[in-house]
Each structure stands twice: as C-alpha cells, then as structure tokens.
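Enquirer: Below is the structure I would like to discuss, written out as structure tokens.
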Amino acid sequence: MMIPAVVLAGAPNSGPLHEISPASFEALIDLCGRPLAAYVIQALLDSAVISKVVVVGPGALQKEFPAAQVTIVPPQGDMIENLAAGLEAVSGAARVLVATGDIPLLTPVAVEGFLRLCARHDAEVYYSVVPRGAVERAYPEVKRTYVRLKEGVFTGGNVGLVDPTVMKRVLGRARDFVRLRKKPLRLALVVGPGLLLRYVLGRLSLVQAERKVARFLGVRGRVVVTPWPEIGIDVDKPSDFVLAQKILCKAAKSG
C-alpha cells in the first residue's frame, strides 16, 4: 500500500550552516548542484511506497519538481507548526511518512525498509532510531548525538510514520519532544524523573523508553530500530555538510 509523505523543509538558515551558504533556508543550500532538500524529496519519489510528496518549505523548491509530483506548502513557523500544515495537506490519509528535509543521504531502500519494519507493529506513531554501530561502520567520520540504553547505543532517526488524526491531538506535547530530541537527559527529565534515573544508571531499556514517551504524548507509540544509517544522519553543522558533499558529489560524477 502506498502512502503520502510530508517533508519538513522550512527551517531558516540562521544556525551553523550559515557558514556554508547565505541561502535563506537550509533546504535551499546548494549541495553538488541541487538544493539540500531536493535529495530527500527525490529519494521519496524514487521509492515504491510513496504516493505523493508534500513539502513544507520555500517555494523555490518547486523549480526542482513538477507540481504533479510535489506540492509545496509555505512554512508556518516552528517544526510542529510546519508538521500540522503538512498533515493538513494530506488529510484523509490513514498513515503519513514524515521526514526532515536535511537528510540528503536518504535512499529509497531506507524508506521502503523502514515502512516494512513499521508494518510488523500496530501503533499510531512510529519513531526511528539507528544503532551507533550501523552509523559508524558506514560513516566513521560522522558525529552524532547518541543515547545509551540496555540494548545498545542509538541515535535518533529523522523519519517517522504517523496517524495524522492522532498527531493533531498531541501537537502541543510533541513540540516539547521535538525541542529536546537531541538532549536525552533533559528529555528524560521532562518525560519523568524515574526515566531519568534509569537512564543515568544505565538501566533504561528501549521498551521502557518507548512506553514512557508514548504515555507522555498520549499515543500508541513504537520505536523502530532501523539498520539504515542514512535515516539518522542529518546535515545541521558544517562537518555534516562536508560529509554529504563528499559522498553526493562523487556519486554525481560517477553517475
């Protein structure tokens, strides 16, 4: 079954990536001749599981894709407001794939594989995580934020699957989760002191974290461990950009 996808590409270029490019949006930073977000959109279009793509981001991205393939929705504010706008554009869908626009190494294989893993479980919100070993074997030079749990060490993914009707109900709490997603200690404290204690002591399991976060959001949630490191590598600092540039420019020349 094919589903729609929403790409969140509305972040202004006001952070560390401004050193790389003066582009007004991170999504528009030139990466080997294409806007950064275009690689994410292309991977979704090239997959066999995505019916259409809605991009919440700058209108200039429309130049890269026919309107029949990609719908552009103007940015509305922060990530959660952009998510709400994107989901509104695919209202009626039972499930929607959500991806950030800053994961240019994303591949159709990773998209299709993630959705296959989600299909094994019954949940309303699916959140991807990637084992540290999978990231470092493929991209040893990359620097990520990792969380140590009983089952291993993981980095958060940038792809999820959601029931849009549920997300509308929990957007307020989701804002707190997104804001702290790269600060595991602070996130654990917000979700619950008991969770923080187990995390600090190294006794927190993936299942316990999954249940606590799902209860915090008020949804049936599932953490999906994915072996595709491209899902966990976002470009949010100059060193990430250099890595993506090295890989994608080489691929463009050989292709």
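Starting from 1 in every chain, residues are counted up; chains themselves are A, B, ... following the order of the structure tokens, and ligands are numbered from 1 as listed.
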Could you give me the residues within segment 2-208 of chain A that DSSP places in helix (DSSP H, G or I), as JSON, numbers by chain?
Expert: {"A": [16, 17, 18, 19, 26, 27, 28, 36, 37, 38, 39, 40, 41, 42, 43, 44, 45, 46, 59, 60, 61, 62, 63, 64, 79, 80, 81, 82, 83, 84, 85, 86, 87, 88, 108, 109, 110, 111, 112, 113, 114, 115, 116, 117, 118, 132, 133, 134, 135, 136, 137, 138, 164, 165, 166, 167, 168, 169, 170, 171, 172, 173, 174, 175, 176, 177, 178, 179, 184, 185, 186, 187, 188, 189, 190, 191, 193, 194, 195, 196, 197, 198, 199, 200, 206, 207, 208]}
Enquirer: Name the residues in contact with segment 155-166 of chain A at a cut-off of 7 Å, using only C-alpha atoms, excluding same-chain residues fewer than 5 positions from it; report them as JSON, numbers by chain.
Expert: {"A": [87, 94, 95, 96, 97, 98, 99, 100, 124, 125, 126, 127, 128, 129, 130, 131, 132, 144, 145, 146, 147, 231, 232]}
Enquirer: Of the residues A:Pro229, A:Pro238, A:Gly86, A:Gly59, which is the one nearest to Val109 of chain A, using only C-alpha atoms?
Expert: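 So, comparing all the options, the nearest one is A:Pro229.
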Enquirer: Of the residues A:Arg116, A:Pro75, A:Ala93, A:Val6, which is the one nearest to Val55 of chain A, using only C-alpha atoms?
Expert: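 Ranked by minimum distance to Val55 of chain A, first place goes to A:Val6.
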Enquirer: Considering only C-alpha atoms, state which residue in the set A:Val142, A:Val153, A:Leu45, A:Ala244 is at the smallest distance from Glu112 of chain A.
Expert: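 Closest candidate: A:Leu45.
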